[in-house]
file final30.csv (CSV, C-alpha atoms)
chain,number,residue,atom,x,y,z
N,271,MET,CA,-48.2,1.8,-20.8
N,272,HIS,CA,-46.7,-0.5,-18.2
N,273,LEU,CA,-43.6,-2.4,-19.2
N,274,PRO,CA,-42.9,-4.7,-16.3
N,275,TRP,CA,-39.3,-6.0,-16.6
N,276,CYS,CA,-36.2,-4.9,-14.7
N,277,VAL,CA,-32.6,-6.2,-14.8
N,278,ARG,CA,-32.9,-6.6,-11.0
N,279,LYS,CA,-35.8,-5.7,-8.7
N,280,CYS,CA,-34.9,-3.1,-6.0
N,281,PRO,CA,-35.5,-4.3,-2.4
N,282,TYR,CA,-37.7,-1.3,-1.7
N,283,CYS,CA,-39.9,-1.6,-4.8
N,284,ASP,CA,-43.5,-2.7,-4.5
N,285,PHE,CA,-44.4,-1.9,-8.2
N,286,ASN,CA,-45.5,-4.7,-10.5
N,287,SER,CA,-42.0,-5.3,-11.8
N,288,HIS,CA,-40.3,-8.6,-12.6
N,289,GLU,CA,-36.6,-9.5,-13.0
N,290,LEU,CA,-35.5,-10.6,-16.4
N,291,ARG,CA,-34.9,-14.3,-17.0
N,292,GLY,CA,-33.2,-14.3,-20.4
N,293,GLN,CA,-34.7,-12.1,-23.1
N,294,ALA,CA,-38.0,-10.3,-22.5
N,295,PRO,CA,-40.6,-10.8,-25.2
N,296,PHE,CA,-40.8,-7.1,-26.0
N,297,ALA,CA,-42.0,-7.6,-29.6
N,298,ALA,CA,-44.9,-9.8,-28.6
N,299,TYR,CA,-45.6,-7.5,-25.6
N,300,VAL,CA,-45.8,-4.4,-27.8
N,301,ASP,CA,-48.2,-6.2,-30.2
N,302,ALA,CA,-50.3,-7.1,-27.2
N,303,LEU,CA,-50.3,-3.5,-26.0
N,304,LEU,CA,-51.9,-2.5,-29.3
N,305,GLU,CA,-54.4,-5.3,-28.9
N,306,ASP,CA,-55.1,-4.1,-25.3
N,307,LEU,CA,-55.7,-0.6,-26.8
N,308,GLU,CA,-58.1,-2.0,-29.4
N,309,GLU,CA,-60.2,-3.6,-26.7
N,310,ASP,CA,-60.6,-0.2,-25.0
N,311,LEU,CA,-61.2,1.9,-28.1
N,312,PRO,CA,-65.1,1.8,-27.9
N,313,LEU,CA,-64.8,3.5,-24.5
N,314,VAL,CA,-62.6,6.4,-25.8
N,315,ALA,CA,-63.7,6.8,-29.5
N,316,GLY,CA,-62.9,10.3,-30.7
N,317,ARG,CA,-61.0,11.5,-27.6
N,318,GLU,CA,-57.6,13.1,-28.1
N,319,VAL,CA,-54.5,11.7,-26.5
N,320,ALA,CA,-52.8,14.5,-24.6
N,321,THR,CA,-50.0,12.5,-22.8
N,322,VAL,CA,-48.4,9.1,-23.1
N,323,PHE,CA,-46.3,7.6,-20.3
N,324,PHE,CA,-44.2,4.4,-20.5
N,325,GLY,CA,-43.7,3.3,-17.0
N,326,GLY,CA,-42.3,0.1,-15.4
N,327,GLY,CA,-40.3,-1.8,-14.6
N,328,THR,CA,-37.6,-0.4,-16.8
N,329,PRO,CA,-39.1,0.8,-20.1
N,330,SER,CA,-35.6,1.9,-21.3
N,331,LEU,CA,-34.8,-1.9,-21.7
N,332,CYS,CA,-37.3,-2.0,-24.6
N,333,PRO,CA,-35.7,-1.5,-28.1
N,334,PRO,CA,-36.6,2.0,-29.4
N,335,PRO,CA,-38.1,0.7,-32.7
N,336,LEU,CA,-40.7,-1.2,-30.7
N,337,ILE,CA,-41.6,2.0,-28.7
N,338,GLY,CA,-42.0,3.6,-32.1
N,339,ARG,CA,-44.2,0.8,-33.3
N,340,PHE,CA,-46.6,1.3,-30.4
N,341,LEU,CA,-46.7,5.1,-30.9
N,342,GLU,CA,-47.4,4.7,-34.6
N,343,GLY,CA,-50.2,2.2,-33.7
N,344,LEU,CA,-51.6,4.6,-31.1
N,345,ALA,CA,-51.7,7.5,-33.5
N,346,ALA,CA,-53.4,5.4,-36.1
N,347,ARG,CA,-56.2,4.6,-33.7
N,348,LEU,CA,-56.7,7.8,-31.7
N,349,PRO,CA,-56.0,11.5,-32.5
N,350,MET,CA,-52.9,12.8,-30.9
N,351,ALA,CA,-52.5,16.3,-29.6
N,352,PRO,CA,-49.8,18.1,-31.7
N,353,ASP,CA,-47.9,19.0,-28.4
N,354,ALA,CA,-48.5,15.6,-26.7
N,355,GLU,CA,-46.1,15.0,-23.8
N,356,ILE,CA,-44.6,11.5,-24.4
N,357,THR,CA,-42.6,10.3,-21.4
N,358,LEU,CA,-40.4,7.2,-20.9
N,359,GLU,CA,-38.9,6.1,-17.6
N,360,ALA,CA,-35.3,5.1,-17.7
N,361,ASN,CA,-32.7,3.5,-15.5
N,362,PRO,CA,-29.2,5.0,-15.8
N,363,GLY,CA,-27.8,1.4,-15.8
N,364,THR,CA,-29.6,0.5,-19.0
N,365,ILE,CA,-28.7,3.4,-21.2
N,366,GLU,CA,-26.3,2.6,-24.1
N,367,HIS,CA,-24.7,5.3,-26.2
N,368,GLY,CA,-27.2,6.7,-28.6
N,369,ARG,CA,-30.2,5.1,-26.9
N,370,PHE,CA,-31.9,8.4,-26.1
N,371,ALA,CA,-31.3,9.7,-29.6
N,372,ASP,CA,-33.0,6.6,-31.0
N,373,LEU,CA,-35.9,7.1,-28.5
N,374,ALA,CA,-36.2,10.8,-29.5
N,375,ALA,CA,-36.4,9.8,-33.2
N,376,VAL,CA,-39.5,7.6,-32.6
N,377,GLY,CA,-41.3,10.3,-30.6
N,378,ILE,CA,-40.1,10.3,-26.9
N,379,ASN,CA,-39.9,14.0,-25.9
N,380,ARG,CA,-39.6,13.6,-22.1
N,381,VAL,CA,-37.6,11.2,-19.9
N,382,SER,CA,-37.8,10.4,-16.2
N,383,LEU,CA,-34.5,9.2,-15.0
N,384,GLY,CA,-34.4,7.0,-11.9
N,385,VAL,CA,-31.2,8.3,-10.3
N,386,GLN,CA,-32.2,8.1,-6.6
N,387,SER,CA,-28.7,9.0,-5.4
N,388,PHE,CA,-25.3,9.8,-6.9
N,389,GLN,CA,-23.3,8.2,-4.1
N,390,PRO,CA,-21.9,4.7,-4.4
N,391,ARG,CA,-22.5,3.7,-0.8
N,392,LEU,CA,-26.1,4.8,-0.9
N,393,LEU,CA,-26.8,3.3,-4.3
N,394,ALA,CA,-25.5,-0.1,-3.0
N,395,ALA,CA,-27.5,0.2,0.1
N,396,ILE,CA,-30.8,0.4,-1.9
N,397,GLY,CA,-29.8,-2.2,-4.4
N,398,ARG,CA,-29.5,0.0,-7.5
N,399,ILE,CA,-27.6,-1.4,-10.5
N,400,HIS,CA,-26.0,1.9,-11.6
N,401,ASP,CA,-23.3,4.1,-10.3
N,402,GLU,CA,-22.6,7.9,-10.4
N,403,ARG,CA,-20.7,7.6,-13.6
N,404,GLU,CA,-23.6,5.9,-15.4
N,405,ALA,CA,-26.0,8.5,-14.0
N,406,GLN,CA,-24.0,11.4,-15.3
N,407,ALA,CA,-23.5,9.6,-18.6
N,408,ALA,CA,-27.2,9.2,-19.0
N,409,ILE,CA,-27.8,12.9,-18.3
N,410,ALA,CA,-25.2,13.7,-20.9
N,411,GLU,CA,-26.9,11.4,-23.4
N,412,LEU,CA,-30.1,13.3,-22.8
N,413,ALA,CA,-28.4,16.5,-23.9
N,414,LEU,CA,-26.9,14.9,-26.9
N,415,ALA,CA,-30.3,13.5,-27.9
N,416,GLY,CA,-31.9,17.0,-27.6
N,417,ILE,CA,-34.3,15.9,-24.9
N,418,GLY,CA,-34.4,19.0,-22.7
N,419,ASN,CA,-37.5,18.1,-20.9
N,420,PHE,CA,-36.5,15.5,-18.2
N,421,ASN,CA,-37.0,14.6,-14.6
N,422,LEU,CA,-34.5,13.3,-12.1
N,423,ASP,CA,-35.9,11.0,-9.4
N,424,LEU,CA,-34.1,11.4,-6.0
N,425,MET,CA,-34.7,9.6,-2.7
N,426,PHE,CA,-33.9,10.7,0.9
N,427,GLY,CA,-34.1,8.9,4.2
N,428,LEU,CA,-31.8,6.2,2.8
N,429,PRO,CA,-30.0,3.6,5.0
N,430,GLY,CA,-27.4,5.4,7.1
N,431,GLN,CA,-27.9,8.6,5.1
N,432,SER,CA,-26.9,11.9,6.7
N,433,LEU,CA,-28.3,15.4,6.1
N,434,ALA,CA,-25.1,16.4,4.4
N,435,GLU,CA,-25.3,13.4,2.0
N,436,ALA,CA,-28.9,14.2,1.2
N,437,CYS,CA,-27.9,17.8,0.4
N,438,ASP,CA,-24.9,16.6,-1.7
N,439,ASP,CA,-27.2,14.5,-3.8
N,440,LEU,CA,-29.5,17.4,-4.5
N,441,GLU,CA,-26.6,19.7,-5.3
N,442,THR,CA,-25.4,17.2,-7.9
N,443,ALA,CA,-28.9,17.0,-9.3
N,444,ILE,CA,-29.4,20.7,-9.5
N,445,ALA,CA,-26.0,21.1,-11.3
N,446,ALA,CA,-27.5,19.0,-14.1
N,447,ALA,CA,-30.3,21.6,-14.6
N,448,PRO,CA,-33.3,19.2,-14.8
N,449,PRO,CA,-36.5,21.0,-15.5
N,450,HIS,CA,-38.2,18.7,-13.1
N,451,VAL,CA,-37.2,16.9,-9.8
N,452,SER,CA,-39.2,14.2,-8.0
N,453,LEU,CA,-38.2,13.9,-4.4
N,454,TYR,CA,-39.3,10.8,-2.4
N,455,GLN,CA,-38.7,9.6,1.1
N,456,LEU,CA,-37.8,5.9,1.2
N,457,THR,CA,-40.6,4.0,2.8
N,458,LEU,CA,-40.8,0.3,3.7
N,459,GLU,CA,-43.7,-1.1,1.7
N,460,PRO,CA,-45.4,-4.4,2.7
N,461,GLY,CA,-44.3,-7.3,0.6
N,462,THR,CA,-40.8,-6.0,-0.2
N,463,PRO,CA,-37.5,-7.4,1.0
N,464,PHE,CA,-36.9,-4.1,2.9
N,465,HIS,CA,-40.2,-4.6,4.8
N,466,ARG,CA,-39.3,-8.1,5.7
N,467,ARG,CA,-35.7,-7.2,6.7
N,468,PRO,CA,-35.7,-3.5,7.5
N,469,PRO,CA,-32.4,-1.6,7.0
N,470,SER,CA,-31.4,1.0,9.5
N,471,LEU,CA,-33.0,4.2,8.4
N,472,PRO,CA,-32.7,7.8,9.7
N,473,ASP,CA,-35.3,8.5,12.3
N,474,GLU,CA,-38.4,10.6,11.7
N,475,ASP,CA,-36.9,13.8,13.0
N,476,ALA,CA,-33.8,13.4,10.8
N,477,CYS,CA,-36.1,12.8,7.7
N,478,TRP,CA,-38.1,15.9,8.5
N,479,GLU,CA,-34.9,17.9,8.7
N,480,MET,CA,-33.7,16.5,5.4
N,481,GLU,CA,-37.0,17.3,3.7
N,482,ALA,CA,-37.1,20.8,5.0
N,483,ALA,CA,-33.5,21.5,3.9
N,484,LEU,CA,-34.0,19.9,0.4
N,485,ALA,CA,-37.3,21.9,-0.1
N,486,ALA,CA,-35.6,25.2,0.8
N,487,ARG,CA,-32.7,24.5,-1.6
N,488,LEU,CA,-35.1,23.6,-4.4
N,489,GLU,CA,-37.0,26.8,-3.9
N,490,ASN,CA,-33.8,28.8,-3.9
N,491,ALA,CA,-32.8,27.2,-7.1
N,492,GLY,CA,-36.0,28.3,-8.9
N,493,TYR,CA,-38.1,25.1,-8.5
N,494,ARG,CA,-41.8,25.2,-7.4
N,495,ARG,CA,-43.3,22.4,-5.4
N,496,TYR,CA,-46.6,21.8,-7.2
N,497,GLU,CA,-47.3,18.4,-5.7
N,498,VAL,CA,-46.2,16.6,-2.6
N,499,SER,CA,-43.2,14.9,-4.2
N,500,ALA,CA,-42.8,16.9,-7.4
N,501,TRP,CA,-40.9,20.1,-8.1
N,502,ALA,CA,-40.6,21.9,-11.5
N,503,ARG,CA,-39.4,25.0,-13.1
N,504,PRO,CA,-42.3,27.2,-14.4
N,505,GLY,CA,-44.1,25.4,-17.2
N,506,ARG,CA,-42.3,22.1,-16.8
N,507,GLU,CA,-44.7,20.3,-14.5
N,508,CYS,CA,-45.5,16.7,-15.6
N,509,ARG,CA,-48.7,17.0,-17.5
N,510,HIS,CA,-49.4,13.3,-17.4
N,511,ASN,CA,-49.2,13.2,-13.6
N,512,LEU,CA,-51.2,16.4,-13.2
N,513,ASN,CA,-54.0,14.6,-15.0
N,514,TYR,CA,-53.9,11.8,-12.4
N,515,TRP,CA,-53.9,14.3,-9.5
N,516,ARG,CA,-56.8,16.3,-11.1
N,517,PHE,CA,-58.8,13.1,-11.3
N,518,GLY,CA,-58.7,13.0,-15.1
N,519,ASP,CA,-59.3,10.1,-17.4
N,520,TYR,CA,-56.6,7.7,-18.6
N,521,LEU,CA,-56.1,4.4,-20.3
N,522,GLY,CA,-54.0,1.9,-18.5
N,523,LEU,CA,-52.4,-0.7,-20.8
N,524,GLY,CA,-50.1,-3.6,-20.1
N,525,ALA,CA,-49.5,-6.1,-17.2
N,526,GLY,CA,-50.9,-4.7,-13.9
N,527,ALA,CA,-51.9,-1.4,-15.4
N,528,HIS,CA,-54.9,0.6,-14.0
N,529,GLY,CA,-57.2,2.8,-15.9
N,530,LYS,CA,-60.0,5.3,-15.1
N,531,LEU,CA,-62.6,6.5,-17.6
N,532,SER,CA,-65.6,8.8,-17.2
N,533,LEU,CA,-68.5,7.8,-19.6
N,534,ALA,CA,-71.1,10.0,-21.2
N,535,ASP,CA,-73.8,8.6,-19.0
N,536,GLY,CA,-72.0,9.9,-15.9
N,537,ARG,CA,-70.6,6.6,-14.7
N,538,ILE,CA,-66.9,6.2,-13.9
N,539,LEU,CA,-65.2,2.9,-14.8
N,540,ARG,CA,-62.1,1.5,-13.1
N,541,ARG,CA,-60.2,-1.3,-14.8
N,542,GLN,CA,-57.1,-3.3,-13.7
N,543,ARG,CA,-55.1,-5.6,-15.9
N,544,ARG,CA,-53.7,-8.9,-14.8
N,545,ARG,CA,-50.4,-8.4,-13.1
N,546,ARG,CA,-48.3,-11.4,-14.3
N,547,PRO,CA,-46.8,-10.6,-17.7
N,548,LEU,CA,-47.4,-14.1,-19.2
N,549,GLY,CA,-51.0,-14.2,-17.9
N,550,TRP,CA,-51.7,-10.8,-19.4
N,551,LEU,CA,-50.1,-11.8,-22.7
N,552,GLN,CA,-52.2,-14.9,-22.9
N,553,GLY,CA,-55.4,-13.2,-21.8
N,554,PRO,CA,-58.0,-12.5,-20.8
N,555,ARG,CA,-56.3,-9.2,-19.8
N,556,ILE,CA,-58.8,-7.6,-17.5
N,557,GLU,CA,-58.5,-8.8,-13.9
N,558,GLU,CA,-61.0,-6.4,-12.3
N,559,GLU,CA,-63.6,-4.0,-13.6
N,560,ARG,CA,-65.9,-1.9,-11.4
N,561,TRP,CA,-68.0,1.2,-11.4
N,562,LEU,CA,-67.1,3.8,-8.8
N,563,GLU,CA,-69.9,4.5,-6.2
N,564,PRO,CA,-70.4,8.1,-5.1
N,565,ALA,CA,-68.6,7.7,-1.8
N,566,GLU,CA,-65.6,6.2,-3.7
N,567,ARG,CA,-65.5,9.1,-6.1
N,568,LEU,CA,-65.4,11.5,-3.3
N,569,PHE,CA,-62.5,9.7,-1.6
N,570,GLU,CA,-60.5,9.1,-4.8
N,571,PHE,CA,-60.8,12.7,-5.9
N,572,MET,CA,-59.5,14.0,-2.6
N,573,LEU,CA,-56.8,11.3,-2.5
N,574,ASN,CA,-55.4,12.8,-5.6
N,575,ALA,CA,-56.4,16.5,-5.5
N,576,LEU,CA,-55.2,17.2,-2.0
N,577,ARG,CA,-51.6,16.3,-3.1
N,578,LEU,CA,-51.6,19.4,-5.3
N,579,ALA,CA,-50.2,22.7,-3.9
N,580,GLU,CA,-52.8,24.6,-5.9
N,581,GLY,CA,-55.6,22.4,-4.4
N,582,PHE,CA,-58.8,22.3,-6.4
N,583,SER,CA,-62.0,24.3,-7.1
N,584,LEU,CA,-65.4,22.9,-6.2
N,585,GLU,CA,-66.4,23.4,-9.8
N,586,ALA,CA,-63.5,21.1,-10.8
N,587,PHE,CA,-64.7,18.6,-8.2
N,588,GLU,CA,-68.2,18.6,-9.6
N,589,ALA,CA,-67.0,18.2,-13.2
N,590,ARG,CA,-64.5,15.4,-12.5
N,591,SER,CA,-66.4,13.4,-9.9
N,592,GLY,CA,-70.0,13.9,-11.0
N,593,LEU,CA,-71.0,14.8,-7.5
N,594,ALA,CA,-72.4,18.0,-6.0
N,595,ALA,CA,-70.1,20.4,-4.1
N,596,ALA,CA,-72.3,19.8,-1.1
N,597,ASP,CA,-71.1,16.2,-1.0
N,598,ALA,CA,-67.6,17.4,-0.1
N,599,LEU,CA,-68.4,20.2,2.3
N,600,ALA,CA,-68.7,18.2,5.5
N,601,GLY,CA,-65.2,16.8,5.1
N,602,LEU,CA,-63.8,20.1,4.0
N,603,GLU,CA,-65.2,21.9,7.0
N,604,GLN,CA,-64.0,19.2,9.4
N,605,GLY,CA,-60.5,19.6,7.8
N,606,ARG,CA,-60.6,23.3,8.3
N,607,SER,CA,-61.6,22.9,12.0
N,608,LEU,CA,-58.5,20.6,12.4
N,609,GLY,CA,-56.2,23.0,10.6
N,610,LEU,CA,-55.6,20.5,7.8
N,611,LEU,CA,-57.5,22.2,5.0
N,612,GLU,CA,-58.2,25.8,4.0
N,613,PRO,CA,-60.3,27.7,1.5
N,614,VAL,CA,-58.2,29.9,-0.9
N,615,GLY,CA,-60.4,32.4,-2.6
N,616,GLY,CA,-63.6,31.8,-4.5
N,617,SER,CA,-64.5,28.1,-4.3
N,618,ALA,CA,-60.9,26.7,-4.1
N,619,TRP,CA,-59.6,24.5,-1.3
N,620,ARG,CA,-56.1,23.1,-0.5
N,621,ALA,CA,-54.2,21.4,2.2
N,622,THR,CA,-52.5,23.7,4.8
N,623,ALA,CA,-48.8,23.4,5.7
N,624,LEU,CA,-50.0,21.2,8.6
N,625,GLY,CA,-52.3,19.2,6.2
N,626,ARG,CA,-49.4,18.6,3.8
N,627,GLN,CA,-47.3,17.3,6.8
N,628,PHE,CA,-50.2,15.0,7.8
N,629,LEU,CA,-51.7,14.4,4.4
N,630,ASN,CA,-53.0,10.9,5.2
N,631,ASP,CA,-55.1,12.3,8.0
N,632,ALA,CA,-56.5,15.0,5.7
N,633,GLN,CA,-57.4,12.4,3.0
N,634,ALA,CA,-58.9,10.1,5.5
N,635,LEU,CA,-61.6,12.7,6.3
N,636,PHE,CA,-63.2,11.6,3.0
N,637,LEU,CA,-63.1,7.8,3.4
N,638,PRO,CA,-66.3,6.0,2.7
N,639,VAL,CA,-68.2,5.3,5.9
N,640,ALA,CA,-70.5,2.3,6.2
N,641,GLY,CA,-74.1,3.3,5.9
N,642,ARG,CA,-73.4,6.8,4.5
call {"tool": "encode", "arguments": {"input": "final30.csv", "output": "structure tokens"}}
result
Amino acid sequence: MHLPWCVRKCPYCDFNSHELRGQAPFAAYVDALLEDLEEDLPLVAGREVATVFFGGGTPSLCPPPLIGRFLEGLAARLPMAPDAEITLEANPGTIEHGRFADLAAVGINRVSLGVQSFQPRLLAAIGRIHDEREAQAAIAELALAGIGNFNLDLMFGLPGQSLAEACDDLETAIAAAPPHVSLYQLTLEPGTPFHRRPPSLPDEDACWEMEAALAARLENAGYRRYEVSAWARPGRECRHNLNYWRFGDYLGLGAGAHGKLSLADGRILRRQRRRRPLGWLQGPRIEEERWLEPAERLFEFMLNALRLAEGFSLEAFEARSGLAAADALAGLEQGRSLGLLEPVGGSAWRATALGRQFLNDAQALFLPVAGR
């Protein structure tokens, strides 16, 4: 579920998020989310919901009773797994006292907290609205609410950031004992203010040094890198995101949301909702709908699965893509010859250390080619 409003849009953000102008119409929006769900029900009748993810924007701006209204409506329409993982993204600058307790009461059992940094200078440099005190207060609120399953988002390669500052941020995060850490390098995405007016960022060598140092520290602290940007203690991997990376099915509801569904006849449907919140609210909601061609399935599967440290099995490839293992072998063998991919027992494949360093090159081996 995509909730698209933020207090202020960060200058590096290319997500479908929109600054608040007065009060957001959250009540009408949640009702529309349930209508959006109704429209997709014929495609997923009888399927069990394993995970729910409220992303944004800043979903923690939405009043908890409205989050509860949606979850109740979802459970009334589709069976929910008893242990369903229900995640909500939160910005430390939007957390009032008791907010996480109220969210837990309506069913949220996992929170992803967008900290990015604990240092005032760096937070100001990337346009964040919170400070270290608010980040620490939000983490304390999670504990008071009994939400022990949470993620901290951190970024490195920030404007003027040193290796020591990057390591200090990670030490502060580890001290909070999060079960999960997401670690991203700041990139300049087209269409963002940072892309139009680039800040002074650490060079490529400095960023590699930061990533290596941060990775070593996370490993020493008991975290396992299970995806390019995701680290977790054993058993605390994000099940919702694992489903993406394993090319699983998901409904995408809300303004700008994407969904992917495999149908009983073997076809795979991609749907994208309209991006502008008002346009999505007024309808029609679907902006684009298309069936994935075989070459697209191959590329999209590899685009996701090669991010995983565990890689994938050819059996999983066949089951999720509807293609034959032979359809992937040319690209896999080319990747092996380049040192980017490797077989790992049985029918499993994964990116090598070099392949993880140059992941775009490994994924590009499976791009659709005209005439093929």
call {"tool": "residues_around", "arguments": {"input": "final30.csv", "residues": "Trp478 of chain N", "least_positions_apart": "3", "cutoff": "12 Å", "atoms": "all atoms listed in the file", "output": "list of chain:residue names"}}
result
N:Phe426, N:Gly427, N:Leu433, N:Ala436, N:Gln455, N:Pro472, N:Asp473, N:Glu474, N:Asp475, N:Glu481, N:Ala482, N:Ala483, N:Leu484, N:Ala485, N:Gln627
call {"tool": "residues_near_point", "arguments": {"input": "final30.csv", "point": "(-68.3, 12.0, -11.9)", "cutoff": "8 Å", "atoms": "all atoms listed in the file", "output": "list in words"}}
result
Ser532, Gly536, Arg537, Ile538, Arg567, Glu588, Ala589, Arg590, Ser591, Gly592 and Leu593 of chain N
call {"tool": "closest_residue", "arguments": {"input": "final30.csv", "among": "N:Ala575, N:Ala405, N:Leu307, N:Val376", "to": "Gly529 of chain N", "atoms": "only C-alpha atoms"}}
result
N:Leu307
call {"tool": "residues_around", "arguments": {"input": "final30.csv", "residues": "Arg278 of chain N", "least_positions_apart": "6", "cutoff": "9 Å", "atoms": "only C-alpha atoms", "output": "short mmCIF file (atom, residue, chain, number, x, y, z; two decimals) with C-alpha atoms, keeping the file's coordinate frame"}}
result
data_model
loop_
_atom_site.label_atom_id
_atom_site.label_comp_id
_atom_site.auth_asym_id
_atom_site.auth_seq_id
_atom_site.Cartn_x
_atom_site.Cartn_y
_atom_site.Cartn_z
CA HIS N 288 -40.30 -8.60 -12.60
CA GLU N 289 -36.60 -9.50 -13.00
CA LEU N 290 -35.50 -10.60 -16.40
CA GLY N 397 -29.80 -2.20 -4.40
CA ARG N 398 -29.50 0.00 -7.50
CA ILE N 399 -27.60 -1.40 -10.50
#
call {"tool": "closest_atom_pairs", "arguments": {"input": "final30.csv", "of": "segment 505-572 of chain N", "to": "segment 341-358 of chain N", "cutoff": "10 Å", "atoms": "all atoms listed in the file", "output": "CSV"}}
result
residue,atom,partner,partner_atom,distance
N:Cys508,CA,N:Glu355,CA,8.4
N:Arg509,CA,N:Glu355,CA,7.1
N:His510,CA,N:Glu355,CA,7.4
call {"tool": "closest_residue", "arguments": {"input": "final30.csv", "among": "N:Thr442, N:Ser583, N:Asn419, N:Ser452", "to": "Ala595 of chain N", "atoms": "all atoms listed in the file"}}
result
N:Ser583
call {"tool": "residues_around", "arguments": {"input": "final30.csv", "residues": "Cys276 of chain N", "least_positions_apart": "6", "cutoff": "12 Å", "atoms": "only C-alpha atoms", "output": "list in words"}}
result
Cys283, Phe285, Asn286, Ser287, His288, Glu289, Leu290, Arg291, Gly292, Gln293, Ala294, Gly325, Gly326, Gly327, Thr328, Pro329, Ser330, Leu331, Cys332, Glu359, Ala360, Asn361, Gly363, Thr364, Arg398 and Ile399 of chain N
call {"tool": "atom_distance", "arguments": {"input": "final30.csv", "atom1": "atom CA of Pro295 of chain N", "atom2": "atom CA of Gln552 of chain N"}}
result
12.5 Å
call {"tool": "residues_around", "arguments": {"input": "final30.csv", "residues": "Ala525 of chain N", "least_positions_apart": "6", "cutoff": "8 Å", "atoms": "all atoms listed in the file", "output": "PyMOL selection string"}}
result
chain N and resi 272-274+286+543-547+550-551+555
call {"tool": "atom_distance", "arguments": {"input": "final30.csv", "atom1": "atom CA of Phe370 of chain N", "atom2": "atom CA of Gln406 of chain N"}}
result
13.7 Å
call {"tool": "atom_distance", "arguments": {"input": "final30.csv", "atom1": "atom CA of Leu629 of chain N", "atom2": "atom CA of Gly505 of chain N"}}
result
25.4 Å
call {"tool": "closest_residue", "arguments": {"input": "final30.csv", "among": "N:Leu373, N:Ala445, N:Ile556, N:Leu303", "to": "Pro335 of chain N", "atoms": "all atoms listed in the file"}}
result
N:Leu373
call {"tool": "closest_residue", "arguments": {"input": "final30.csv", "among": "N:Ala500, N:Ala374, N:Ala302, N:Leu562", "to": "Lys530 of chain N", "atoms": "all atoms listed in the file"}}
result
N:Leu562
call {"tool": "closest_residue", "arguments": {"input": "final30.csv", "among": "N:Val639, N:Met271, N:Met572, N:Ala579", "to": "Asp306 of chain N", "atoms": "only C-alpha atoms"}}
result
N:Met271
call {"tool": "residues_near_point", "arguments": {"input": "final30.csv", "point": "(-33.5, 1.5, 7.3)", "cutoff": "12 Å", "atoms": "all atoms listed in the file", "output": "list in words"}}
result
Pro281, Tyr282, Leu392, Ala395, Ile396, Phe426, Gly427, Leu428, Pro429, Gly430, Gln431, Gln455, Leu456, Thr457, Leu458, Glu459, Pro463, Phe464, His465, Arg466, Arg467, Pro468, Pro469, Ser470, Leu471, Pro472, Asp473, Glu474 and Cys477 of chain N
call {"tool": "closest_residue", "arguments": {"input": "final30.csv", "among": "N:Leu578, N:Ala527, N:Ala443, N:Val498", "to": "Arg540 of chain N", "atoms": "only C-alpha atoms"}}
result
N:Ala527
call {"tool": "residues_around", "arguments": {"input": "final30.csv", "residues": "Asp310 of chain N", "least_positions_apart": "4", "cutoff": "10 Å", "atoms": "all atoms listed in the file", "output": "PyMOL selection string"}}
result
chain N and resi 304-306+314-315+521-523
